[in-house]
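*Asks:* Enclosed is the structure file work.cif (mmCIF, C-alpha atoms).
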```
data_upload
#
loop_
_atom_site.label_atom_id
_atom_site.label_comp_id
_atom_site.auth_asym_id
_atom_site.auth_seq_id
_atom_site.Cartn_x
_atom_site.Cartn_y
_atom_site.Cartn_z
CA MET A 24 0.00 0.00 0.00
CA SER A 25 1.36 3.43 -0.92
CA ILE A 26 2.11 6.02 1.78
CA THR A 27 -0.46 8.37 0.27
CA LYS A 28 -3.17 5.73 0.34
CA CYS A 29 -2.23 4.71 3.87
CA VAL A 30 -2.38 8.29 5.15
CA SER A 31 -5.68 8.80 3.36
CA GLN A 32 -7.19 5.72 4.97
CA LYS A 33 -5.91 6.72 8.39
CA ARG A 34 -7.30 10.22 7.90
CA ASN A 35 -10.72 8.85 6.97
CA ASN A 36 -10.77 6.50 9.94
CA MET A 37 -9.59 9.12 12.43
CA LEU A 38 -11.89 11.73 10.99
CA ARG A 39 -14.86 9.47 11.51
CA ILE A 40 -13.78 8.56 15.04
CA SER A 41 -13.12 12.20 15.92
CA LEU A 42 -16.45 13.36 14.56
CA VAL A 43 -18.18 10.60 16.50
CA ILE A 44 -16.56 11.80 19.71
CA LEU A 45 -17.19 15.47 18.99
CA SER A 46 -20.83 14.92 18.12
CA GLY A 47 -21.48 13.03 21.33
CA PHE A 48 -21.95 9.57 19.90
CA LEU A 49 -20.26 6.71 21.79
CA ALA A 50 -19.51 4.46 18.87
CA THR A 51 -21.41 5.33 15.73
CA ILE A 52 -23.95 7.72 14.30
CA ILE A 53 -26.46 4.91 14.61
CA GLN A 54 -27.04 4.29 18.31
CA SER A 55 -29.30 1.41 17.31
CA CYS A 56 -31.86 0.66 14.65
CA ASN A 57 -34.34 -0.40 17.28
CA ASP A 58 -34.37 2.10 20.16
CA THR A 59 -37.26 4.44 19.40
CA SER A 60 -37.06 5.86 22.93
CA SER A 61 -33.81 7.62 22.01
CA THR A 62 -35.13 9.77 19.18
CA SER A 63 -36.42 12.72 21.20
CA GLU A 64 -38.74 13.96 23.86
CA HIS A 65 -41.67 13.48 21.50
CA ASN A 66 -41.24 9.73 21.95
CA SER A 67 -42.68 9.85 25.47
CA SER A 68 -46.09 10.59 24.01
CA ALA A 69 -45.34 8.31 21.07
CA SER A 70 -44.78 5.37 23.39
CA ASN A 71 -48.19 5.97 24.92
CA VAL A 72 -49.74 5.80 21.46
CA ARG A 73 -47.88 2.56 20.77
CA THR A 74 -49.06 1.04 24.05
CA LYS A 75 -52.67 1.75 23.13
CA GLU A 76 -52.45 0.61 19.52
CA ILE A 77 -49.99 -2.27 19.53
CA ILE A 78 -52.64 -4.84 20.35
CA THR A 79 -54.83 -3.91 17.39
CA ASP A 80 -52.49 -2.40 14.79
CA PRO A 81 -50.75 -5.16 12.77
CA LEU A 82 -48.05 -2.77 11.54
CA LEU A 83 -47.14 -1.72 15.08
CA ILE A 84 -47.04 -5.35 16.13
CA GLU A 85 -44.64 -6.07 13.25
CA ILE A 86 -42.45 -3.07 14.14
CA HIS A 87 -42.39 -4.04 17.80
CA ASP A 88 -41.41 -7.64 16.96
CA MET A 89 -38.64 -6.57 14.57
CA GLU A 90 -37.27 -4.03 17.06
CA ARG A 91 -37.15 -6.74 19.70
CA LYS A 92 -35.40 -9.11 17.28
CA ALA A 93 -32.90 -6.43 16.26
CA LYS A 94 -32.16 -5.72 19.91
CA SER A 95 -31.54 -9.38 20.71
CA ASP A 96 -29.40 -10.11 17.63
CA THR A 97 -25.67 -10.19 18.29
CA VAL A 98 -24.93 -9.62 14.59
CA PHE A 99 -26.50 -6.94 12.41
CA ASP A 100 -29.25 -8.58 10.35
CA ARG A 101 -29.74 -6.73 7.07
CA ASN A 102 -33.00 -8.51 6.32
CA THR A 103 -34.53 -7.41 9.61
CA ALA A 104 -33.19 -3.89 9.13
CA LEU A 105 -34.67 -3.68 5.62
CA ARG A 106 -38.06 -4.86 6.87
CA LEU A 107 -37.86 -2.39 9.72
CA LEU A 108 -36.98 0.44 7.34
CA ILE A 109 -40.02 -0.34 5.18
CA ALA A 110 -42.28 -0.69 8.22
CA TYR A 111 -41.13 2.61 9.72
CA GLN A 112 -41.74 4.42 6.44
CA THR A 113 -45.12 2.75 5.96
CA TYR A 114 -46.24 3.78 9.42
CA TYR A 115 -45.06 7.33 8.81
CA ASN A 116 -46.90 7.47 5.48
CA GLN A 117 -50.08 6.40 7.26
CA HIS A 118 -49.64 8.52 10.38
CA GLY A 119 -47.41 11.39 9.31
CA LYS A 120 -49.04 13.93 11.59
CA ASP A 121 -48.74 12.10 14.89
CA SER A 122 -45.68 12.00 17.11
CA LEU A 123 -45.04 8.29 16.68
CA GLY A 124 -45.14 8.55 12.90
CA GLN A 125 -42.60 11.38 13.04
CA ALA A 126 -40.41 9.45 15.47
CA TYR A 127 -40.41 6.49 13.10
CA LEU A 128 -39.37 8.75 10.23
CA PHE A 129 -36.26 9.65 12.22
CA GLU A 130 -35.66 5.97 13.05
CA ALA A 131 -36.01 5.10 9.36
CA ALA A 132 -33.21 7.56 8.57
CA LYS A 133 -30.95 5.87 11.13
CA VAL A 134 -31.72 2.40 9.78
CA ALA A 135 -31.04 3.56 6.22
CA ASP A 136 -27.66 4.86 7.37
CA ALA A 137 -26.89 1.56 9.11
CA LEU A 138 -27.69 -0.25 5.86
CA GLY A 139 -25.33 1.97 3.91
CA LYS A 140 -28.22 3.68 2.11
CA TYR A 141 -26.69 7.08 2.74
CA GLN A 142 -28.60 9.17 0.21
CA LYS A 143 -31.82 7.58 1.41
CA SER A 144 -30.92 8.49 4.97
CA ILE A 145 -30.20 12.08 3.93
CA ASP A 146 -33.55 12.35 2.14
CA LEU A 147 -35.40 11.05 5.20
CA LEU A 148 -33.51 13.39 7.53
CA ILE A 149 -34.31 16.39 5.33
CA ASN A 150 -37.96 15.34 5.29
CA TYR A 151 -37.90 15.01 9.07
CA HIS A 152 -36.16 18.39 9.43
CA ASP A 153 -38.83 20.12 7.36
CA LEU A 154 -41.63 18.35 9.21
CA VAL A 155 -40.90 18.79 12.92
CA ALA A 156 -41.27 22.05 14.81
CA ASN A 157 -38.77 21.28 17.58
CA TYR A 158 -35.74 23.60 17.25
CA ASN A 159 -33.18 21.16 18.62
CA LYS A 160 -34.46 18.21 16.58
CA LYS A 161 -34.25 20.31 13.41
CA ALA A 162 -30.66 21.17 14.29
CA GLU A 163 -29.83 17.54 14.98
CA ALA A 164 -31.31 16.37 11.68
CA ALA A 165 -29.36 19.03 9.77
CA PHE A 166 -26.17 18.05 11.58
CA LEU A 167 -26.65 14.37 10.76
CA VAL A 168 -27.04 15.23 7.08
CA ALA A 169 -23.68 17.02 7.22
CA PHE A 170 -22.14 14.12 9.13
CA ILE A 171 -23.26 11.57 6.53
CA TYR A 172 -21.83 13.67 3.71
CA ASP A 173 -18.62 13.96 5.71
CA ALA A 174 -18.03 10.55 7.28
CA HIS A 175 -19.74 8.25 4.78
CA LEU A 176 -20.01 9.92 1.38
CA LYS A 177 -16.70 11.77 1.73
CA ASP A 178 -18.26 14.83 0.12
CA SER A 179 -16.40 17.65 1.87
CA LYS A 180 -18.14 20.37 -0.12
CA LYS A 181 -21.62 19.22 0.91
CA ALA A 182 -20.47 18.51 4.46
CA ILE A 183 -19.12 22.03 4.85
CA GLU A 184 -22.31 23.46 3.34
CA TYR A 185 -24.54 21.65 5.81
CA TYR A 186 -22.30 22.21 8.85
CA ASN A 187 -22.48 25.92 8.03
CA LYS A 188 -26.26 25.70 7.71
CA VAL A 189 -26.48 24.22 11.21
CA ILE A 190 -24.36 27.08 12.56
CA GLU A 191 -26.34 29.70 10.64
CA LEU A 192 -29.86 28.42 11.28
CA TYR A 193 -29.43 27.01 14.79
CA PRO A 194 -26.70 29.11 16.43
CA LYS A 195 -27.95 28.51 19.98
CA SER A 196 -28.18 24.72 19.68
CA GLU A 197 -25.67 22.18 20.94
CA TRP A 198 -25.43 20.92 17.35
CA ALA A 199 -24.06 24.26 16.19
CA GLU A 200 -21.13 23.77 18.56
CA GLN A 201 -20.62 20.24 17.26
CA ALA A 202 -20.77 21.54 13.70
CA LYS A 203 -18.06 24.11 14.45
CA SER A 204 -15.78 21.39 15.80
CA ALA A 205 -16.51 19.06 12.89
CA LEU A 206 -16.03 21.88 10.38
CA HIS A 207 -12.61 22.54 11.85
CA LEU A 208 -11.59 18.94 11.12
CA VAL A 209 -13.09 18.81 7.64
CA GLU A 210 -11.05 21.81 6.55
CA MET A 211 -7.76 20.39 7.83
CA ASN A 212 -5.27 18.82 5.48
CA ASP A 213 -3.73 15.43 6.29
CA GLU A 214 -0.69 16.87 8.07
CA ASP A 215 -2.70 19.26 10.24
CA LEU A 216 -5.23 16.58 11.11
CA MET A 217 -2.52 14.12 12.14
CA LYS A 218 -0.92 16.79 14.32
CA PHE A 219 -4.28 17.77 15.87
CA LEU A 220 -5.20 14.17 16.73
CA ASP A 221 -1.73 13.47 18.09
CA GLU A 222 -1.96 16.46 20.43
CA LYS A 223 -5.48 15.44 21.43
CA ASN A 224 -4.32 11.92 22.26
CA LYS A 225 -1.42 13.25 24.34
CA LYS A 226 -3.76 15.44 26.37
CA ALA A 227 -6.15 12.54 26.89
CA SER A 228 -3.41 10.16 28.09
#
```
Would you kindly transcribe this structure into structure tokens?
*Replies:*
Amino acid sequence: MSITKCVSQKRNNMLRISLVILSGFLATIIQSCNDTSSTSEHNSSASNVRTKEIITDPLLIEIHDMERKAKSDTVFDRNTALRLLIAYQTYYNQHGKDSLGQAYLFEAAKVADALGKYQKSIDLLINYHDLVANYNKKAEAAFLVAFIYDAHLKDSKKAIEYYNKVIELYPKSEWAEQAKSALHLVEMNDEDLMKFLDEKNKKAS
């Protein structure tokens, strides 16, 4: 492997790890493809809806069963994830105005990302961003779009554009601060990034 290719691969790996840390994720942008309680505060009311409907709504029963299976699986099951993605989107299409439908739209975006369907995830996140009224959730969705362009699609131009949008549109949000940190890394060249991460590791040790 050439030195240039090696440095490039290291840069991509460290960039992803650094962005994960800076954006507050413990391991990956996808916390799980099954934990609907983690999406936002609107899930508290959404869970109440699910409790009332799960006995009679076949789609909710299917979603609940697949979430439970995904949670118990020790290895990522693409078939389950694909079914879950379709089920989430179907429920949203049927119940787009209620809080559970909106929560599932956000979950669908995370599952799409986990499946490597990055453009699909971006489209769902943009849809979610335009749909919800919550300021912080809008900022989070916009940040995740930038993150996907950055960490997965390696599209620095788009990543910078969306990080700047987060900062411009949601300056008082926690995601604006994360976007500033991520933007700083995106704009670094290989040498500067290596130096930055080396200094960060020394401080952490």
*Asks:* How would you write, as a short mmCIF file (atom, residue, chain, number, x, y, z; two decimals) with C-alpha atoms, keeping the file's coordinate frame, the residues chosen by the PyMOL selection byres ((chain A and resi 171) around 12) on this structure?
*Replies:*
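Result saved to out11.cif:
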```cif
data_model
loop_
_atom_site.label_atom_id
_atom_site.label_comp_id
_atom_site.auth_asym_id
_atom_site.auth_seq_id
_atom_site.Cartn_x
_atom_site.Cartn_y
_atom_site.Cartn_z
CA ARG A 39 -14.86 9.47 11.51
CA LEU A 42 -16.45 13.36 14.56
CA VAL A 43 -18.18 10.60 16.50
CA THR A 51 -21.41 5.33 15.73
CA ILE A 52 -23.95 7.72 14.30
CA ILE A 53 -26.46 4.91 14.61
CA ALA A 132 -33.21 7.56 8.57
CA LYS A 133 -30.95 5.87 11.13
CA ALA A 135 -31.04 3.56 6.22
CA ASP A 136 -27.66 4.86 7.37
CA ALA A 137 -26.89 1.56 9.11
CA GLY A 139 -25.33 1.97 3.91
CA LYS A 140 -28.22 3.68 2.11
CA TYR A 141 -26.69 7.08 2.74
CA GLN A 142 -28.60 9.17 0.21
CA LYS A 143 -31.82 7.58 1.41
CA SER A 144 -30.92 8.49 4.97
CA ILE A 145 -30.20 12.08 3.93
CA ASP A 146 -33.55 12.35 2.14
CA LEU A 148 -33.51 13.39 7.53
CA ALA A 164 -31.31 16.37 11.68
CA ALA A 165 -29.36 19.03 9.77
CA PHE A 166 -26.17 18.05 11.58
CA LEU A 167 -26.65 14.37 10.76
CA VAL A 168 -27.04 15.23 7.08
CA ALA A 169 -23.68 17.02 7.22
CA PHE A 170 -22.14 14.12 9.13
CA TYR A 172 -21.83 13.67 3.71
CA ASP A 173 -18.62 13.96 5.71
CA ALA A 174 -18.03 10.55 7.28
CA HIS A 175 -19.74 8.25 4.78
CA LEU A 176 -20.01 9.92 1.38
CA LYS A 177 -16.70 11.77 1.73
CA ASP A 178 -18.26 14.83 0.12
CA SER A 179 -16.40 17.65 1.87
CA LYS A 181 -21.62 19.22 0.91
CA ALA A 182 -20.47 18.51 4.46
CA ILE A 183 -19.12 22.03 4.85
CA TYR A 185 -24.54 21.65 5.81
CA TYR A 186 -22.30 22.21 8.85
CA ALA A 205 -16.51 19.06 12.89
#
```
*Asks:* Rank nothing, just name the residue among A:Tyr151, A:Gln125, A:Ala162, A:Met211 nearest to Pro194 of chain A, using only C-alpha atoms.
*Replies:* A:Ala162
*Asks:* Between A:Glu130, A:Asp153, A:Glu184, A:Asp96, single out the one closest to Ile109 of chain A, counting only C-alpha atoms.
*Replies:* A:Glu130
*Asks:* Translate the PyMOL selection byres ((chain A and resi 113-116) around 12) into a concrete residue list for this structure, as a PyMOL selection string.
*Replies:* chain A and resi 73+80-86+106-112+117-132+147+150-151+154
*Asks:* I need the residue set behind the PyMOL selection byres ((chain A and resi 92) around 12) for this file; please write it as a short mmCIF file (atom, residue, chain, number, x, y, z; two decimals) with C-alpha atoms, in the coordinates of the input.
*Replies:*
```cif
data_model
loop_
_atom_site.label_atom_id
_atom_site.label_comp_id
_atom_site.auth_asym_id
_atom_site.auth_seq_id
_atom_site.Cartn_x
_atom_site.Cartn_y
_atom_site.Cartn_z
CA CYS A 56 -31.86 0.66 14.65
CA ASN A 57 -34.34 -0.40 17.28
CA ASP A 58 -34.37 2.10 20.16
CA GLU A 85 -44.64 -6.07 13.25
CA ILE A 86 -42.45 -3.07 14.14
CA HIS A 87 -42.39 -4.04 17.80
CA ASP A 88 -41.41 -7.64 16.96
CA MET A 89 -38.64 -6.57 14.57
CA GLU A 90 -37.27 -4.03 17.06
CA ARG A 91 -37.15 -6.74 19.70
CA ALA A 93 -32.90 -6.43 16.26
CA LYS A 94 -32.16 -5.72 19.91
CA SER A 95 -31.54 -9.38 20.71
CA ASP A 96 -29.40 -10.11 17.63
CA THR A 97 -25.67 -10.19 18.29
CA VAL A 98 -24.93 -9.62 14.59
CA PHE A 99 -26.50 -6.94 12.41
CA ASP A 100 -29.25 -8.58 10.35
CA ARG A 101 -29.74 -6.73 7.07
CA ASN A 102 -33.00 -8.51 6.32
CA THR A 103 -34.53 -7.41 9.61
CA ALA A 104 -33.19 -3.89 9.13
CA ARG A 106 -38.06 -4.86 6.87
CA LEU A 107 -37.86 -2.39 9.72
#
```
*Asks:* Quick one: distance from atom CA of Ser204 of chain A to atom CA of Ile190 of chain A in Å, one decimal?
*Replies:*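 Straight-line distance from atom CA of Ser204 of chain A to atom CA of Ile190 of chain A works out to 10.8 Å.
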*Asks:* Taking (-33.7, 18.8, 14.0) as a centre in this file's frame and 6 Å as the limit, can you find every polymer residue with an atom that close, using all atoms listed in the file, and give them as a VMD selection string?
*Replies:* chain A and resid 152 159 to 164
*Asks:* Tell me which of A:Ala156, A:Leu206, A:Leu220, A:Ala199 sits closest to Lys180 of chain A, counting only C-alpha atoms.
*Replies:*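 Closest to Lys180 of chain A, using only C-alpha atoms: A:Leu206.
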*Asks:* What does the distance from atom CA of Val209 of chain A to atom CA of Asn187 of chain A come to in Å, to one decimal?
*Replies:*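 These atoms are spaced 11.8 Å apart.
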*Asks:* If I take atom CA of Glu191 of chain A and atom CA of Tyr158 of chain A, how far is one from the other in Å, to one decimal?
*Replies:*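 Between atom CA of Glu191 of chain A and atom CA of Tyr158 of chain A the gap is 13.0 Å.
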